[in-house]
file run04.csv (CSV, C-alpha atoms)
chain,number,residue,atom,x,y,z
D,545,MET,CA,19.3,-17.9,-17.1
D,546,PRO,CA,19.4,-21.7,-16.9
D,547,ASP,CA,16.3,-23.4,-18.3
D,548,THR,CA,16.2,-25.6,-15.2
D,549,ILE,CA,14.7,-22.9,-12.9
D,550,ARG,CA,11.5,-24.4,-11.5
D,551,ALA,CA,11.3,-22.9,-8.0
D,552,ASP,CA,11.1,-19.1,-8.7
D,553,VAL,CA,10.7,-16.1,-6.6
D,554,ILE,CA,8.7,-13.0,-7.4
D,555,GLY,CA,10.8,-10.4,-5.7
D,556,SER,CA,9.8,-8.3,-2.7
D,557,LEU,CA,10.2,-9.6,0.9
D,558,LEU,CA,8.8,-8.3,4.2
D,559,ARG,CA,11.1,-5.6,5.6
D,560,PRO,CA,12.7,-6.7,8.9
D,561,ARG,CA,11.7,-4.3,11.7
D,562,TYR,CA,15.3,-3.2,12.3
D,563,LEU,CA,15.6,-2.1,8.7
D,564,SER,CA,12.3,-0.1,8.9
D,565,GLU,CA,13.5,1.5,12.1
D,566,ALA,CA,16.9,2.4,10.5
D,567,ARG,CA,15.2,4.0,7.5
D,568,ALA,CA,13.1,6.2,9.8
D,569,ALA,CA,16.2,7.1,11.8
D,570,LEU,CA,18.0,8.1,8.6
D,571,ALA,CA,15.1,10.3,7.5
D,572,ALA,CA,15.1,11.9,10.9
D,573,GLY,CA,18.9,12.5,10.8
D,574,ARG,CA,19.6,10.3,13.8
D,575,ILE,CA,22.0,8.1,11.8
D,576,ALA,CA,24.4,8.8,9.0
D,577,PRO,CA,24.0,7.4,5.4
D,578,HIS,CA,27.0,5.1,5.8
D,579,GLU,CA,25.5,3.7,9.0
D,580,PHE,CA,22.2,3.1,7.3
D,581,LYS,CA,23.9,1.3,4.4
D,582,GLN,CA,25.6,-1.1,6.7
D,583,ILE,CA,22.2,-2.0,8.2
D,584,GLU,CA,20.7,-2.3,4.7
D,585,ASP,CA,23.5,-4.5,3.6
D,586,ARG,CA,22.9,-6.8,6.6
D,587,ALA,CA,19.2,-7.1,5.7
D,588,VAL,CA,20.0,-8.0,2.1
D,589,ASP,CA,22.5,-10.6,3.2
D,590,GLN,CA,20.0,-12.2,5.5
D,591,ALA,CA,17.3,-12.1,2.8
D,592,MET,CA,19.5,-13.8,0.2
D,593,ALA,CA,20.7,-16.4,2.7
D,594,MET,CA,17.1,-17.2,3.7
D,595,GLN,CA,16.0,-17.7,0.1
D,596,GLU,CA,19.0,-19.9,-0.6
D,597,GLY,CA,18.3,-21.9,2.5
D,598,CYS,CA,14.7,-22.4,1.3
D,599,GLY,CA,16.1,-24.2,-1.8
D,600,LEU,CA,14.9,-21.8,-4.4
D,601,ASP,CA,16.5,-21.9,-7.9
D,602,VAL,CA,16.8,-18.2,-8.2
D,603,ILE,CA,16.8,-15.4,-5.6
D,604,SER,CA,16.3,-11.6,-5.3
D,605,ASP,CA,17.6,-9.0,-2.8
D,606,GLY,CA,14.0,-8.7,-1.6
D,607,GLU,CA,13.7,-5.2,-3.0
D,608,LEU,CA,14.9,-4.1,0.4
D,609,ARG,CA,16.8,-1.0,-0.9
D,610,ARG,CA,13.6,0.4,-2.4
D,611,PHE,CA,10.7,2.4,-1.0
D,612,SER,CA,8.4,0.5,-3.5
D,613,PHE,CA,8.6,-1.7,-6.5
D,614,LEU,CA,7.6,1.4,-8.6
D,615,ASP,CA,10.7,3.5,-7.7
D,616,GLN,CA,12.2,3.4,-11.1
D,617,VAL,CA,9.2,5.1,-12.8
D,618,LEU,CA,7.5,7.0,-9.9
D,619,GLY,CA,10.3,7.6,-7.4
D,620,GLU,CA,13.7,8.6,-8.8
D,621,VAL,CA,12.5,10.7,-11.7
D,622,GLU,CA,12.1,14.2,-12.9
D,623,GLY,CA,8.9,15.5,-14.4
D,624,VAL,CA,6.5,14.9,-11.5
D,625,ALA,CA,4.9,17.0,-8.8
D,626,GLU,CA,3.7,16.0,-5.4
D,627,LEU,CA,0.1,16.0,-6.3
D,628,PRO,CA,-2.1,12.9,-5.7
D,629,GLY,CA,-3.0,10.9,-8.8
D,630,ALA,CA,-6.1,8.9,-9.7
D,631,ALA,CA,-7.6,6.7,-7.1
D,632,VAL,CA,-7.0,3.0,-7.5
D,633,THR,CA,-9.3,0.8,-5.3
D,634,PHE,CA,-7.9,-2.1,-3.3
D,635,HIS,CA,-10.2,-4.8,-2.0
D,636,GLY,CA,-9.9,-7.2,1.0
D,637,GLN,CA,-11.7,-10.1,2.5
D,638,ARG,CA,-14.5,-7.9,3.9
D,639,PRO,CA,-16.3,-4.8,2.4
D,640,GLU,CA,-14.9,-2.6,5.1
D,641,ASP,CA,-11.3,-3.5,4.0
D,642,GLU,CA,-11.8,-1.5,0.7
D,643,TRP,CA,-9.2,1.2,0.4
D,644,ASP,CA,-8.5,3.9,-2.3
D,645,TRP,CA,-4.8,4.4,-3.1
D,646,HIS,CA,-3.7,7.6,-4.8
D,647,PRO,CA,-0.3,7.6,-6.4
D,648,PRO,CA,1.6,10.3,-4.4
D,649,ILE,CA,2.7,12.2,-7.6
D,650,THR,CA,1.3,13.4,-10.9
D,651,VAL,CA,3.3,13.7,-14.1
D,652,THR,CA,3.6,17.3,-15.1
D,653,GLY,CA,6.7,17.3,-17.3
D,654,LYS,CA,8.9,14.9,-19.3
D,655,LEU,CA,9.9,11.8,-17.3
D,656,ARG,CA,13.6,11.4,-16.9
D,657,ALA,CA,15.5,9.2,-14.4
D,658,THR,CA,17.7,11.0,-11.9
D,659,ARG,CA,19.7,7.8,-11.1
D,660,GLN,CA,19.8,4.1,-11.9
D,661,LEU,CA,18.6,2.2,-8.9
D,662,THR,CA,19.3,-1.4,-9.8
D,663,VAL,CA,23.0,-1.1,-10.4
D,664,GLU,CA,23.7,-1.0,-6.7
D,665,GLU,CA,21.2,-3.7,-6.0
D,666,PHE,CA,22.6,-6.2,-8.5
D,667,SER,CA,26.3,-5.4,-8.0
D,668,TYR,CA,26.0,-6.1,-4.3
D,669,ALA,CA,23.8,-9.2,-4.6
D,670,ARG,CA,25.9,-10.7,-7.4
D,671,ALA,CA,29.0,-10.6,-5.3
D,672,ARG,CA,27.4,-12.5,-2.4
D,673,ALA,CA,24.8,-14.8,-3.9
D,674,ARG,CA,25.3,-18.5,-4.5
D,675,ARG,CA,22.3,-18.8,-6.7
D,676,PRO,CA,21.3,-16.8,-9.9
D,677,VAL,CA,20.0,-13.4,-8.9
D,678,LYS,CA,16.8,-11.9,-10.5
D,679,VAL,CA,16.2,-8.2,-10.6
D,680,THR,CA,12.7,-6.8,-10.8
D,681,LEU,CA,11.7,-3.6,-12.7
D,682,PRO,CA,8.2,-2.1,-13.0
D,683,SER,CA,6.2,-2.0,-16.2
D,684,PRO,CA,6.2,1.4,-17.9
D,685,LEU,CA,2.4,1.4,-18.0
D,686,LEU,CA,2.3,1.5,-14.2
D,687,THR,CA,2.6,5.3,-14.5
D,688,TYR,CA,-1.1,5.3,-15.6
D,689,GLY,CA,-2.3,6.4,-12.1
D,690,ALA,CA,0.1,9.4,-12.3
D,691,TRP,CA,-1.4,10.6,-15.5
D,692,SER,CA,-3.7,13.7,-15.3
D,693,PRO,CA,-5.6,14.7,-18.5
D,694,GLU,CA,-5.2,18.3,-17.3
D,695,ARG,CA,-1.8,18.5,-15.7
D,696,SER,CA,0.2,16.0,-17.8
D,697,ARG,CA,-0.8,17.2,-21.3
D,698,PRO,CA,1.6,20.2,-21.4
D,699,ALA,CA,4.3,17.6,-21.5
D,700,TYR,CA,2.7,14.8,-23.4
D,701,HIS,CA,0.0,14.6,-26.1
D,702,ASP,CA,-1.4,11.5,-24.4
D,703,ALA,CA,-0.6,8.8,-21.8
D,704,TYR,CA,1.0,6.5,-24.4
D,705,GLU,CA,3.7,9.1,-25.1
D,706,MET,CA,4.4,9.2,-21.4
D,707,PHE,CA,4.5,5.3,-21.3
D,708,ALA,CA,7.1,5.4,-24.0
D,709,ASP,CA,9.4,7.7,-22.0
D,710,ALA,CA,8.9,5.4,-18.9
D,711,ALA,CA,9.8,2.5,-21.1
D,712,ALA,CA,13.1,4.2,-22.1
D,713,ILE,CA,13.9,4.5,-18.4
D,714,ILE,CA,13.3,0.8,-17.8
D,715,ARG,CA,15.2,-0.2,-20.9
D,716,SER,CA,18.2,1.8,-19.7
D,717,GLU,CA,18.1,0.1,-16.4
D,718,ALA,CA,17.9,-3.3,-18.1
D,719,ALA,CA,20.8,-2.5,-20.4
D,720,ALA,CA,23.0,-1.4,-17.5
D,721,LEU,CA,22.1,-4.6,-15.6
D,722,ALA,CA,23.1,-6.7,-18.6
D,723,GLN,CA,26.5,-5.0,-18.8
D,724,LEU,CA,27.0,-6.1,-15.2
D,725,GLY,CA,26.2,-9.7,-16.0
D,726,CYS,CA,22.5,-9.9,-15.0
D,727,THR,CA,20.8,-12.7,-16.9
D,728,TYR,CA,17.3,-12.7,-15.5
D,729,ILE,CA,15.1,-9.6,-15.3
D,730,GLN,CA,11.4,-9.6,-14.3
D,731,ILE,CA,9.0,-6.8,-15.4
D,732,ASP,CA,6.2,-6.4,-12.9
D,733,SER,CA,3.0,-5.7,-14.7
D,734,PRO,CA,-0.1,-5.4,-12.5
D,735,ASP,CA,-1.1,-2.9,-15.1
D,736,LEU,CA,-1.9,-5.7,-17.6
D,737,GLY,CA,-3.1,-8.1,-14.8
D,738,THR,CA,-5.7,-5.7,-13.6
D,739,LEU,CA,-7.2,-5.1,-17.0
D,740,VAL,CA,-9.2,-8.2,-16.5
D,741,ASP,CA,-11.4,-6.3,-14.0
D,742,PRO,CA,-14.2,-4.0,-15.3
D,743,GLU,CA,-13.6,-1.5,-12.5
D,744,ASN,CA,-9.9,-1.0,-13.3
D,745,ARG,CA,-10.7,-0.9,-17.1
D,746,SER,CA,-13.2,1.9,-16.4
D,747,LEU,CA,-10.8,3.9,-14.4
D,748,ARG,CA,-8.3,3.9,-17.2
D,749,GLU,CA,-10.9,4.6,-19.8
D,750,SER,CA,-11.9,7.7,-17.8
D,751,LEU,CA,-8.3,8.9,-18.0
D,752,GLY,CA,-8.2,8.6,-21.8
D,753,MET,CA,-6.7,5.1,-22.1
D,754,PRO,CA,-8.9,2.9,-24.3
D,755,THR,CA,-8.6,-0.7,-23.3
D,756,GLU,CA,-8.0,-1.9,-26.9
D,757,ARG,CA,-5.2,0.6,-27.3
D,758,THR,CA,-3.6,-0.6,-24.1
D,759,LEU,CA,-3.8,-4.2,-25.2
D,760,THR,CA,-2.1,-3.3,-28.5
D,761,GLU,CA,0.1,-0.2,-28.4
D,762,GLY,CA,0.5,-0.4,-24.6
D,763,THR,CA,1.5,-4.1,-24.8
D,764,ASP,CA,4.0,-3.2,-27.5
D,765,ILE,CA,5.6,-0.6,-25.3
D,766,ILE,CA,6.0,-3.2,-22.5
D,767,ASN,CA,7.5,-5.6,-25.0
D,768,SER,CA,10.0,-3.0,-26.0
D,769,VAL,CA,11.7,-2.9,-22.6
D,770,ALA,CA,12.7,-6.6,-23.0
D,771,ASP,CA,14.8,-6.1,-26.0
D,772,VAL,CA,18.3,-6.5,-24.4
D,773,PRO,CA,20.5,-9.3,-25.7
D,774,GLY,CA,21.7,-12.0,-23.3
D,775,VAL,CA,18.9,-11.5,-20.7
D,776,THR,CA,16.0,-13.8,-20.0
D,777,PHE,CA,13.0,-11.6,-19.4
D,778,GLY,CA,10.0,-12.6,-17.3
D,779,LEU,CA,6.7,-10.8,-17.2
D,780,HIS,CA,4.8,-11.0,-13.9
D,781,LEU,CA,1.1,-10.5,-14.2
D,782,CYS,CA,-0.8,-10.0,-10.9
D,783,LYS,CA,-4.0,-8.4,-9.8
D,784,GLY,CA,-2.6,-5.9,-7.3
D,785,ASN,CA,-0.9,-6.5,-3.9
D,786,TYR,CA,-0.8,-4.4,-0.8
D,787,GLN,CA,-1.3,-5.3,2.8
D,788,SER,CA,-3.0,-8.6,1.7
D,789,LYS,CA,-5.4,-6.6,-0.5
D,790,TRP,CA,-5.9,-6.7,-4.3
D,791,ILE,CA,-7.2,-4.6,-7.1
D,792,ALA,CA,-8.7,-6.9,-9.6
D,793,THR,CA,-10.8,-10.1,-10.0
D,794,GLY,CA,-11.1,-12.0,-13.3
D,795,GLY,CA,-9.5,-14.7,-15.4
D,796,TYR,CA,-6.9,-14.2,-18.1
D,797,GLU,CA,-9.4,-14.9,-20.8
D,798,GLU,CA,-9.9,-11.1,-21.1
D,799,ILE,CA,-6.4,-10.5,-22.2
D,800,ALA,CA,-4.7,-13.8,-23.2
D,801,GLY,CA,-5.6,-13.8,-26.8
D,802,LYS,CA,-4.4,-10.3,-27.3
D,803,VAL,CA,-1.2,-10.0,-25.3
D,804,PHE,CA,0.5,-13.4,-24.8
D,805,LYS,CA,1.6,-13.7,-28.4
D,806,ARG,CA,2.3,-10.0,-28.7
D,807,LEU,CA,4.9,-10.1,-25.9
D,808,GLY,CA,7.4,-11.9,-28.0
D,809,ASN,CA,10.5,-10.5,-26.2
D,810,PHE,CA,9.5,-12.3,-23.0
D,811,ASP,CA,10.7,-15.8,-22.3
D,812,VAL,CA,8.7,-16.4,-19.1
D,813,PHE,CA,5.2,-15.4,-17.9
D,814,LEU,CA,4.8,-15.5,-14.1
D,815,LEU,CA,1.0,-15.6,-13.5
D,816,GLU,CA,-1.0,-15.1,-10.4
D,817,TYR,CA,-3.1,-18.2,-9.8
D,818,ASP,CA,-3.5,-18.5,-6.0
D,819,ASP,CA,-7.3,-18.4,-5.8
D,820,GLU,CA,-10.6,-18.3,-7.7
D,821,ARG,CA,-10.1,-14.6,-8.6
D,822,SER,CA,-7.6,-15.7,-11.3
D,823,GLY,CA,-10.0,-18.0,-13.2
D,824,SER,CA,-9.1,-21.2,-15.0
D,825,PHE,CA,-5.9,-22.5,-16.6
D,826,GLU,CA,-7.5,-22.5,-20.1
D,827,PRO,CA,-6.0,-19.2,-21.2
D,828,LEU,CA,-2.5,-20.9,-20.9
D,829,ALA,CA,-3.2,-22.5,-24.2
D,830,GLU,CA,-2.6,-19.0,-25.7
D,831,VAL,CA,1.0,-18.9,-24.4
D,832,PRO,CA,3.5,-19.4,-27.2
D,833,ASP,CA,5.2,-22.8,-27.2
D,834,ASP,CA,8.6,-21.4,-26.6
D,835,THR,CA,7.6,-19.5,-23.5
D,836,MET,CA,7.8,-20.8,-19.9
D,837,VAL,CA,4.9,-20.3,-17.4
D,838,VAL,CA,5.6,-19.9,-13.7
D,839,LEU,CA,2.4,-20.7,-11.8
D,840,GLY,CA,1.8,-18.4,-8.8
D,841,LEU,CA,-0.2,-21.0,-6.8
D,842,ILE,CA,1.1,-20.1,-3.3
D,843,SER,CA,-0.4,-17.1,-1.8
D,844,SER,CA,1.7,-14.3,-0.3
D,845,LYS,CA,-1.4,-12.7,1.1
D,846,VAL,CA,-2.7,-15.3,3.6
D,847,ALA,CA,-1.0,-17.2,6.4
D,848,ASP,CA,-2.5,-20.6,5.6
D,849,LEU,CA,-0.1,-23.0,4.0
D,850,GLU,CA,-1.3,-24.7,0.8
D,851,PRO,CA,-1.2,-28.6,0.9
D,852,PRO,CA,1.6,-29.9,-1.3
D,853,GLY,CA,-0.8,-32.5,-2.8
D,854,VAL,CA,-3.3,-29.8,-3.9
D,855,LEU,CA,-0.5,-27.7,-5.4
D,856,ALA,CA,0.8,-30.8,-7.4
D,857,GLU,CA,-2.7,-31.5,-8.7
D,858,ARG,CA,-3.1,-27.9,-9.8
D,859,VAL,CA,0.2,-28.0,-11.7
D,860,ASN,CA,-1.0,-31.2,-13.4
D,861,GLN,CA,-4.2,-29.4,-14.4
D,862,ALA,CA,-2.3,-26.5,-15.9
D,863,ALA,CA,0.0,-28.9,-17.7
D,864,ARG,CA,-2.9,-30.0,-19.8
D,865,TYR,CA,-2.6,-26.7,-21.7
D,866,THR,CA,1.2,-26.3,-21.7
D,867,GLY,CA,2.9,-29.6,-20.9
D,868,ARG,CA,4.8,-29.9,-17.6
D,869,ASP,CA,8.2,-29.2,-19.0
D,870,ARG,CA,7.2,-25.6,-19.6
D,871,LEU,CA,6.0,-25.0,-16.0
D,872,GLY,CA,7.6,-23.6,-12.9
D,873,LEU,CA,6.2,-22.6,-9.4
D,874,SER,CA,6.3,-19.5,-7.3
D,875,THR,CA,4.2,-17.4,-4.9
D,876,GLN,CA,1.5,-15.4,-6.6
D,877,CYS,CA,3.2,-12.1,-5.8
D,878,GLY,CA,5.8,-10.6,-3.6
D,879,PHE,CA,5.4,-10.2,0.1
D,880,SER,CA,5.9,-6.4,0.5
D,881,PRO,CA,5.9,-4.3,-2.7
D,882,VAL,CA,6.1,-1.2,-0.5
D,883,SER,CA,8.6,-0.8,2.3
D,884,ILE,CA,5.8,0.1,4.7
D,885,GLY,CA,2.7,-2.1,5.0
D,886,GLY,CA,3.7,-5.5,3.8
D,887,ASN,CA,1.2,-8.3,3.5
D,888,LEU,CA,-0.4,-9.5,6.8
D,889,ILE,CA,1.7,-12.5,7.4
D,890,SER,CA,4.8,-13.1,9.6
D,891,GLU,CA,8.4,-13.5,8.4
D,892,ASP,CA,8.3,-17.1,9.6
D,893,THR,CA,5.3,-17.8,7.4
D,894,GLN,CA,7.0,-16.0,4.5
D,895,GLN,CA,9.9,-18.4,4.8
D,896,ARG,CA,7.7,-21.4,5.0
D,897,LYS,CA,5.9,-20.3,1.8
D,898,LEU,CA,9.2,-20.1,0.0
D,899,GLU,CA,10.2,-23.5,1.3
D,900,LEU,CA,6.9,-24.8,0.0
D,901,VAL,CA,7.7,-23.5,-3.5
D,902,ALA,CA,11.0,-25.4,-3.5
D,903,GLU,CA,9.6,-28.5,-1.9
D,904,VAL,CA,6.8,-29.0,-4.4
D,905,ALA,CA,9.1,-28.0,-7.3
D,906,ARG,CA,11.6,-30.7,-6.3
D,907,GLN,CA,8.7,-33.3,-6.2
D,908,LEU,CA,7.4,-32.4,-9.6
D,909,TRP,CA,10.5,-31.8,-11.6

call {"tool": "encode", "arguments": {"input": "run04.csv", "output": "structure tokens"}}
result
Amino acid sequence: MPDTIRADVIGSLLRPRYLSEARAALAAGRIAPHEFKQIEDRAVDQAMAMQEGCGLDVISDGELRRFSFLDQVLGEVEGVAELPGAAVTFHGQRPEDEWDWHPPITVTGKLRATRQLTVEEFSYARARARRPVKVTLPSPLLTYGAWSPERSRPAYHDAYEMFADAAAIIRSEAAALAQLGCTYIQIDSPDLGTLVDPENRSLRESLGMPTERTLTEGTDIINSVADVPGVTFGLHLCKGNYQSKWIATGGYEEIAGKVFKRLGNFDVFLLEYDDERSGSFEPLAEVPDDTMVVLGLISSKVADLEPPGVLAERVNQAARYTGRDRLGLSTQCGFSPVSIGGNLISEDTQQRKLELVAEVARQLW
């Protein structure tokens, strides 16, 4: 990946209505798979053209071919049963917005991928894109909600053995992408990002996942997926993202000293920083000097557009800990990590947010 990428993109985009309708028609048997693929290709073409038109330095396919950003470890795999997993609480602007999400599956056997999802994604996007194409993959620790101390132990001694098998799936996807010429892979890691919150830490502790072990052995497992030559790896830390809701509140102080230096295979950290829930920029001082930081200052959750001057000032504040040359800009997260129920903004606002990323990046760099 060129070192001049300043205007970055996190990955997922809102699904256009015609794509959602086509997916429902496919599931109901009203259209054939080849007809759906034509519609899906059209949506990907439009998503890439929109991002290029916004002036971003790197683009994605919007994750439009996926049901969710978790598909590689919780979708197209063997070793799971359709049993709801542990409840993960999402929060909104009001107390009544609180919502408990249960992973739709539980791990009951050895995890094994049934197919590689991202080969089609990247092959198609690479052939049509005029900018570098980023591919996103989930962190292997995101299987934590599908771990059951009762049902998963016949297959695994503990959750960290399960994480290691999930890491093997992600590493295989990354290696296949590298063979196809992909040079920028992002690992999405709300599993680390949400550890800053006592509520989420307590959930995982109750499942038999000690926080200290997650910050050491778990971090090493995440780091292992980024050991593919010729690829720039970015790690995206966020605090949860679904229908403009979030999981965690807290600054990176809770994890920075333990994980930033331990994640030596990563070249870029993409960090959520869109509001006060993310805390101060001081933890950026813990980021190794050879690692880029992409500041997620622009919210994908709310419709209000951030003033460019305010964004520039926040970049300058962060630069006190890293220097400006090591910084880039993005939204704080994707716009629709699941194919149904994207964030509560319009497609027009989504485009304007991405234009804002490029506009401010051009001004600063």

call {"tool": "residues_around", "arguments": {"input": "run04.csv", "residues": "Ala800 in chain D", "least_positions_apart": "6", "cutoff": "9 Å", "atoms": "all atoms listed in the file", "output": "PyMOL selection string"}}
result
chain D and resi 827-831

call {"tool": "atom_distance", "arguments": {"input": "run04.csv", "atom1": "CA of Tyr562 in chain D", "atom2": "CA of Gly784 in chain D"}}
result
26.7 Å

call {"tool": "atom_distance", "arguments": {"input": "run04.csv", "atom1": "CA of Leu747 in chain D", "atom2": "CA of Leu685 in chain D"}}
result
13.9 Å

call {"tool": "atom_distance", "arguments": {"input": "run04.csv", "atom1": "CA of Tyr786 in chain D", "atom2": "CA of Asn887 in chain D"}}
result
6.1 Å

call {"tool": "residues_around", "arguments": {"input": "run04.csv", "residues": "Val812 in chain D", "least_positions_apart": "4", "cutoff": "6 Å", "atoms": "all atoms listed in the file", "output": "list in words"}}
result
Gly778, Thr835, Met836 and Val837 of chain D

call {"tool": "closest_residue", "arguments": {"input": "run04.csv", "among": "D:Ala591, D:Val775, D:Ile766, D:Leu563", "to": "Asp811 in chain D", "atoms": "all atoms listed in the file"}}
result
D:Val775

call {"tool": "residues_around", "arguments": {"input": "run04.csv", "residues": "range 817-819 of chain D", "least_positions_apart": "3", "cutoff": "6 Å", "atoms": "only C-alpha atoms", "output": "ChimeraX atom specification"}}
result
/D:822,840-843,876

call {"tool": "closest_atom_pairs", "arguments": {"input": "run04.csv", "of": "range 717-792 of chain D", "to": "range 622-638 of chain D", "cutoff": "6 Å", "atoms": "all atoms listed in the file", "output": "tab-separated table"}}
result
residue	atom	partner	partner_atom	distance
D:Lys789	CA	D:Gly636	CA	4.8
D:Trp790	CA	D:Phe634	CA	5.1
D:Ile791	CA	D:Phe634	CA	4.6

call {"tool": "closest_residue", "arguments": {"input": "run04.csv", "among": "D:Ser733, D:Gln590, D:Thr758, D:Asn767", "to": "Ala712 in chain D", "atoms": "all atoms listed in the file"}}
result
D:Asn767

call {"tool": "residues_around", "arguments": {"input": "run04.csv", "residues": "range 891-899 of chain D", "least_positions_apart": "4", "cutoff": "9 Å", "atoms": "all atoms listed in the file", "output": "list in words"}}
result
Ala551, Asp552, Val553, Leu557, Leu558, Arg559, Pro560, Met594, Gln595, Gly597, Cys598, Gly599, Leu600, Ile842, Ser843, Ser844, Ala847, Asp848, Leu849, Glu850, Ser874, Thr875, Phe879, Glu903 and Val904 of chain D

call {"tool": "residues_around", "arguments": {"input": "run04.csv", "residues": "Gln616 in chain D", "least_positions_apart": "2", "cutoff": "10 Å", "atoms": "all atoms listed in the file", "output": "ChimeraX atom specification"}}
result
/D:610,612-614,618-621,656-662,681-684,710,713-714,717

call {"tool": "write_last_selection", "arguments": {"input": "run04.csv", "atoms": "C-alpha atoms", "output": "CSV table (one decimal), in the coordinates of the input"}}
result
chain,number,residue,atom,x,y,z
D,610,ARG,CA,13.6,0.4,-2.4
D,612,SER,CA,8.4,0.5,-3.5
D,613,PHE,CA,8.6,-1.7,-6.5
D,614,LEU,CA,7.6,1.4,-8.6
D,618,LEU,CA,7.5,7.0,-9.9
D,619,GLY,CA,10.3,7.6,-7.4
D,620,GLU,CA,13.7,8.6,-8.8
D,621,VAL,CA,12.5,10.7,-11.7
D,656,ARG,CA,13.6,11.4,-16.9
D,657,ALA,CA,15.5,9.2,-14.4
D,658,THR,CA,17.7,11.0,-11.9
D,659,ARG,CA,19.7,7.8,-11.1
D,660,GLN,CA,19.8,4.1,-11.9
D,661,LEU,CA,18.6,2.2,-8.9
D,662,THR,CA,19.3,-1.4,-9.8
D,681,LEU,CA,11.7,-3.6,-12.7
D,682,PRO,CA,8.2,-2.1,-13.0
D,683,SER,CA,6.2,-2.0,-16.2
D,684,PRO,CA,6.2,1.4,-17.9
D,710,ALA,CA,8.9,5.4,-18.9
D,713,ILE,CA,13.9,4.5,-18.4
D,714,ILE,CA,13.3,0.8,-17.8
D,717,GLU,CA,18.1,0.1,-16.4

call {"tool": "closest_residue", "arguments": {"input": "run04.csv", "among": "D:Ala863, D:Met753, D:Thr680, D:Gly774", "to": "Asp702 in chain D", "atoms": "all atoms listed in the file"}}
result
D:Met753

call {"tool": "closest_residue", "arguments": {"input": "run04.csv", "among": "D:Ile549, D:Ala862, D:Ala587, D:Ala722", "to": "Arg561 in chain D", "atoms": "only C-alpha atoms"}}
result
D:Ala587

call {"tool": "closest_residue", "arguments": {"input": "run04.csv", "among": "D:Glu664, D:Tyr704, D:Glu761, D:Pro647", "to": "Ala690 in chain D", "atoms": "all atoms listed in the file"}}
result
D:Pro647

call {"tool": "decode", "arguments": {"input": "run04.csv", "residues": "range 640-661 of chain D", "atoms": "C-alpha atoms", "output": "mmCIF file, in the first residue's frame"}}
result
data_model
loop_
_atom_site.group_PDB
_atom_site.id
_atom_site.type_symbol
_atom_site.label_atom_id
_atom_site.label_comp_id
_atom_site.auth_asym_id
_atom_site.auth_seq_id
_atom_site.Cartn_x
_atom_site.Cartn_y
_atom_site.Cartn_z
ATOM 1 C CA GLU D 640 -34.915 3.084 25.781
ATOM 2 C CA ASP D 641 -32.604 2.543 22.789
ATOM 3 C CA GLU D 642 -30.694 -0.164 24.687
ATOM 4 C CA TRP D 643 -30.775 -3.515 22.919
ATOM 5 C CA ASP D 644 -29.315 -6.962 23.605
ATOM 6 C CA TRP D 645 -27.863 -8.726 20.581
ATOM 7 C CA HIS D 646 -27.331 -12.469 20.670
ATOM 8 C CA PRO D 647 -24.992 -14.027 18.102
ATOM 9 C CA PRO D 648 -27.293 -16.337 16.122
ATOM 10 C CA ILE D 649 -24.968 -19.328 16.531
ATOM 11 C CA THR D 650 -22.997 -21.168 19.185
ATOM 12 C CA VAL D 651 -19.728 -22.989 18.597
ATOM 13 C CA THR D 652 -20.254 -26.705 19.175
ATOM 14 C CA GLY D 653 -17.445 -28.223 17.104
ATOM 15 C CA LYS D 654 -14.122 -27.422 15.480
ATOM 16 C CA LEU D 655 -14.330 -24.262 13.357
ATOM 17 C CA ARG D 656 -13.564 -24.761 9.688
ATOM 18 C CA ALA D 657 -14.296 -22.460 6.761
ATOM 19 C CA THR D 658 -16.633 -23.858 4.127
ATOM 20 C CA ARG D 659 -15.465 -21.370 1.487
ATOM 21 C CA GLN D 660 -13.273 -18.309 1.091
ATOM 22 C CA LEU D 661 -15.508 -15.277 0.845
#
